[in-house]
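Q: Dropping in run.txt, which is compact mmCIF, C-alpha atoms and all ligand atoms:
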```
# COMPACT_ATOMS: atom_id res chain seq x y z
CA MET A 85 49.26 -55.43 -37.56
CA LYS A 86 51.51 -54.63 -34.61
CA LEU A 87 53.85 -51.97 -33.30
CA GLY A 88 57.45 -52.15 -34.45
CA ASN A 89 60.40 -49.97 -33.53
CA GLN A 90 59.91 -46.53 -32.12
CA ILE A 91 61.47 -44.08 -34.56
CA LEU A 92 60.84 -40.83 -32.68
CA GLY A 93 60.67 -40.16 -28.96
CA PRO A 94 58.47 -37.91 -26.83
CA ALA A 95 58.48 -34.12 -26.80
CA ASP A 96 56.17 -31.34 -25.63
CA PHE A 97 55.25 -28.42 -27.87
CA SER A 98 53.40 -25.20 -27.23
CA PHE A 99 50.26 -24.47 -29.24
CA ASP A 100 52.09 -21.47 -30.67
CA TYR A 101 54.65 -23.72 -32.28
CA PHE A 102 51.99 -25.33 -34.51
CA ILE A 103 50.02 -22.11 -35.01
CA ASN A 104 53.25 -20.70 -36.43
CA ASN A 105 53.46 -23.56 -38.96
CA GLY A 106 55.69 -25.74 -36.84
CA PHE A 107 55.88 -29.44 -37.61
CA ILE A 108 57.34 -32.66 -36.26
CA GLY A 109 59.83 -34.25 -38.60
CA CYS A 110 61.82 -37.46 -38.71
CA SER A 111 63.07 -39.92 -41.29
CA CYS A 112 61.33 -43.04 -42.56
CA SER A 113 63.13 -46.04 -41.04
CA LYS A 114 62.65 -48.02 -44.26
CA CYS A 115 63.74 -45.60 -46.97
CA ALA A 116 65.01 -42.46 -45.16
CA GLU A 117 62.40 -40.22 -46.79
CA LYS A 118 61.48 -37.27 -44.57
CA LEU A 119 58.21 -37.74 -42.65
CA ILE A 120 56.43 -34.54 -41.68
CA ILE A 121 53.64 -34.39 -39.13
CA THR A 122 51.65 -31.21 -38.74
CA ILE A 123 49.12 -30.86 -35.95
CA GLN A 124 45.99 -28.78 -36.30
CA LEU A 125 44.80 -27.95 -32.83
CA HIS A 126 41.41 -29.52 -32.07
CA ASN A 127 41.37 -31.06 -35.53
CA SER A 128 44.08 -33.69 -35.54
CA GLY A 129 44.17 -37.30 -34.53
CA LYS A 130 41.45 -39.74 -33.49
CA PRO A 131 40.79 -41.12 -29.99
CA VAL A 132 42.99 -44.16 -29.36
CA ASP A 133 39.84 -46.23 -28.62
CA GLN A 134 39.08 -46.10 -32.34
CA ILE A 135 42.32 -47.80 -33.30
CA ILE A 136 40.49 -51.14 -33.14
CA ASP A 137 38.22 -49.95 -35.97
CA GLU A 138 41.26 -49.75 -38.26
CA PHE A 139 43.31 -52.65 -36.94
CA ASP A 140 42.71 -55.46 -34.48
CA GLU A 141 43.27 -55.22 -30.72
CA THR A 142 46.97 -56.11 -30.87
CA ILE A 143 48.16 -52.53 -31.28
CA LEU A 144 45.86 -51.20 -28.56
CA ASN A 145 47.10 -53.93 -26.19
CA GLN A 146 50.71 -53.10 -27.00
CA LEU A 147 50.10 -49.39 -26.33
CA ILE A 148 48.70 -50.22 -22.89
CA GLU A 149 51.32 -52.87 -22.09
CA HIS A 150 54.19 -50.49 -22.89
CA LYS A 151 52.44 -47.67 -20.96
CA ILE A 152 52.36 -45.50 -24.06
CA VAL A 153 48.72 -44.78 -23.23
CA ASN A 154 46.94 -45.27 -19.89
CA LEU A 155 43.46 -46.41 -19.04
CA ASN A 156 41.33 -43.50 -17.87
CA ARG A 157 40.59 -45.08 -14.50
CA ASP A 158 39.26 -41.94 -12.85
CA GLY A 159 36.71 -41.43 -15.59
CA LYS A 160 37.92 -37.87 -16.06
CA GLN A 161 36.20 -35.94 -18.81
CA GLY A 162 38.66 -34.54 -21.31
CA ASP A 163 38.10 -32.08 -24.16
CA LEU A 164 36.42 -34.83 -26.17
CA GLY A 165 34.13 -35.92 -23.35
CA PHE A 166 34.83 -39.29 -21.82
CA SER A 167 37.93 -40.82 -23.28
CA LYS A 168 38.88 -44.39 -22.48
CA TYR A 169 42.62 -43.84 -22.91
CA ILE A 170 44.72 -40.92 -21.79
CA LEU A 171 48.27 -39.55 -21.64
CA TRP A 172 48.61 -38.33 -18.10
CA HIS A 173 45.38 -36.33 -18.25
CA LEU A 174 45.01 -35.51 -21.93
CA ASP A 175 42.89 -37.62 -24.27
CA ALA A 176 45.20 -40.02 -26.10
CA LEU A 177 45.02 -39.45 -29.85
CA TYR A 178 46.58 -41.31 -32.74
CA SER A 179 47.34 -40.62 -36.33
CA ILE A 180 48.61 -42.87 -39.12
CA ILE A 181 51.49 -41.49 -41.14
CA THR A 182 52.26 -43.03 -44.52
CA CYS A 183 55.67 -42.54 -46.08
CA LYS A 184 55.08 -40.89 -49.45
CA SER A 185 58.08 -42.62 -50.92
CA CYS A 186 57.77 -46.28 -49.81
CA SER A 187 54.17 -46.32 -48.42
CA PHE A 188 55.27 -47.82 -45.09
CA ASN A 189 52.86 -46.91 -42.27
CA PHE A 190 53.71 -45.38 -38.91
CA LEU A 191 51.64 -44.61 -35.83
CA ALA A 192 51.93 -41.30 -33.99
CA ILE A 193 50.52 -40.93 -30.45
CA PHE A 194 49.88 -37.55 -28.88
CA GLY A 195 47.56 -35.48 -26.73
CA ILE A 196 46.38 -31.91 -27.20
CA GLY A 197 45.09 -29.70 -24.41
CA GLU A 198 45.62 -27.74 -21.25
CA ILE A 199 48.44 -29.39 -19.31
CA GLN A 200 48.29 -26.74 -16.60
CA PRO A 201 45.70 -23.96 -16.29
CA GLY A 202 46.37 -21.50 -19.09
CA ARG A 203 49.11 -23.63 -20.57
CA ASP A 204 48.00 -25.38 -23.74
CA GLN A 205 50.37 -27.92 -25.11
CA VAL A 206 50.77 -30.77 -27.51
CA GLN A 207 52.17 -33.72 -25.60
CA PHE A 208 53.76 -35.86 -28.26
CA LYS A 209 54.53 -39.45 -27.20
CA GLY A 210 56.31 -40.68 -30.28
CA ILE A 211 56.15 -42.46 -33.62
CA TRP A 212 56.24 -46.23 -34.11
CA GLU A 213 56.51 -48.50 -37.11
CA LEU A 214 53.36 -50.47 -37.99
CA LYS A 215 54.37 -53.99 -38.94
CA ASP A 216 52.43 -56.93 -40.36
ZN ZN A 301 59.76 -44.70 -46.60
```
Is it possible to give me this structure as structure tokens?
A:
Amino acid sequence: MKLGNQILGPADFSFDYFINNGFIGCSCSKCAEKLIITIQLHNSGKPVDQIIDEFDETILNQLIEHKIVNLNRDGKQGDLGFSKYILWHLDALYSIITCKSCSFNFLAIFGIGEIQPGRDQVQFKGIWELKD
């Protein structure tokens, strides 16, 4: 499995946006069905390190190579404790999105946390196709 085309670009959202039932939406690049991503604060996504438990290392290597996620070189502790991969200084999280119409899989990358003191945000990096 590897990353294909990026179908949605980066955006930052306030926590309030999701608390007020906000969602991230785009269209499936295979069948044009609407894809809807909701984010539950502190309860969405898995650390990017764990991506190798679901797939092989190819996707993780592509994420690093394309600077979609960064190695946590400073060993900074995030909300989840030590996280091997980060987005700027948030723990890098991923989530698999499956199109309910054609079953094609997509990968969403994001971080959730305090970007500046007192300013909680969802830093959304984008959505990519997952190709064989
Ligand atoms: Zn589809």
Q: Would you mind listing the residues within 7 Å of ligand ZN 301 (chain A), counting only C-alpha atoms and all ligand atoms, as a VMD selection string?
A: chain A and resid 112 to 117 183 to 188
Q: Return the single residue from A:Lys118, A:Lys215, A:Phe190, A:Leu87 that is closest to Ile148 in chain A, with distances computed using only C-alpha atoms.
A: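 For Ile148 in chain A, the nearest of the candidates is A:Leu87.
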Q: Give me, as a count of residues only, all polymer residues having an atom no more than 12 Å from Asp100 in chain A, counting all atoms listed in the file and skipping those fewer than 2 positions away in the same chain.
A: 16
Q: I'd like to know which of A:Ile180, A:Ile193, A:Leu171, A:Val132 is closest to Leu144 in chain A, using all atoms listed in the file.
A: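 So, comparing all the options, the nearest one is A:Val132.
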Q: Mind giving me the straight-line distance from CA of Glu141 in chain A to CA of Gly195 in chain A in Å, one decimal?
A: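 Value for the CA of Glu141 in chain A-CA of Gly195 in chain A distance: 20.6 Å.
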Q: Measure the distance from CA of Leu147 in chain A to CA of Tyr101 in chain A in Å and round it to one decimal.
A: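 Those two atoms sit 26.7 Å apart.
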Q: Could you pull the residues within 10 Å of Ile143 in chain A, counting only C-alpha atoms, minus those fewer than 2 positions along the same chain, as a ChimeraX atom specification?
A: /A:85-88,135-136,139-141,145-149,191,214-215
Q: So how many Å separate CA of Ile108 in chain A and CA of Trp212 in chain A, to one decimal?
A: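 Distance between the two atoms: 13.8 Å.
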Q: I'd like to know which of A:Ser111, A:Leu119, A:Val153, A:His126 is closest to Ala176 in chain A, using all atoms listed in the file.
A: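 The shortest atom-to-atom distance to Ala176 in chain A comes from A:Val153.
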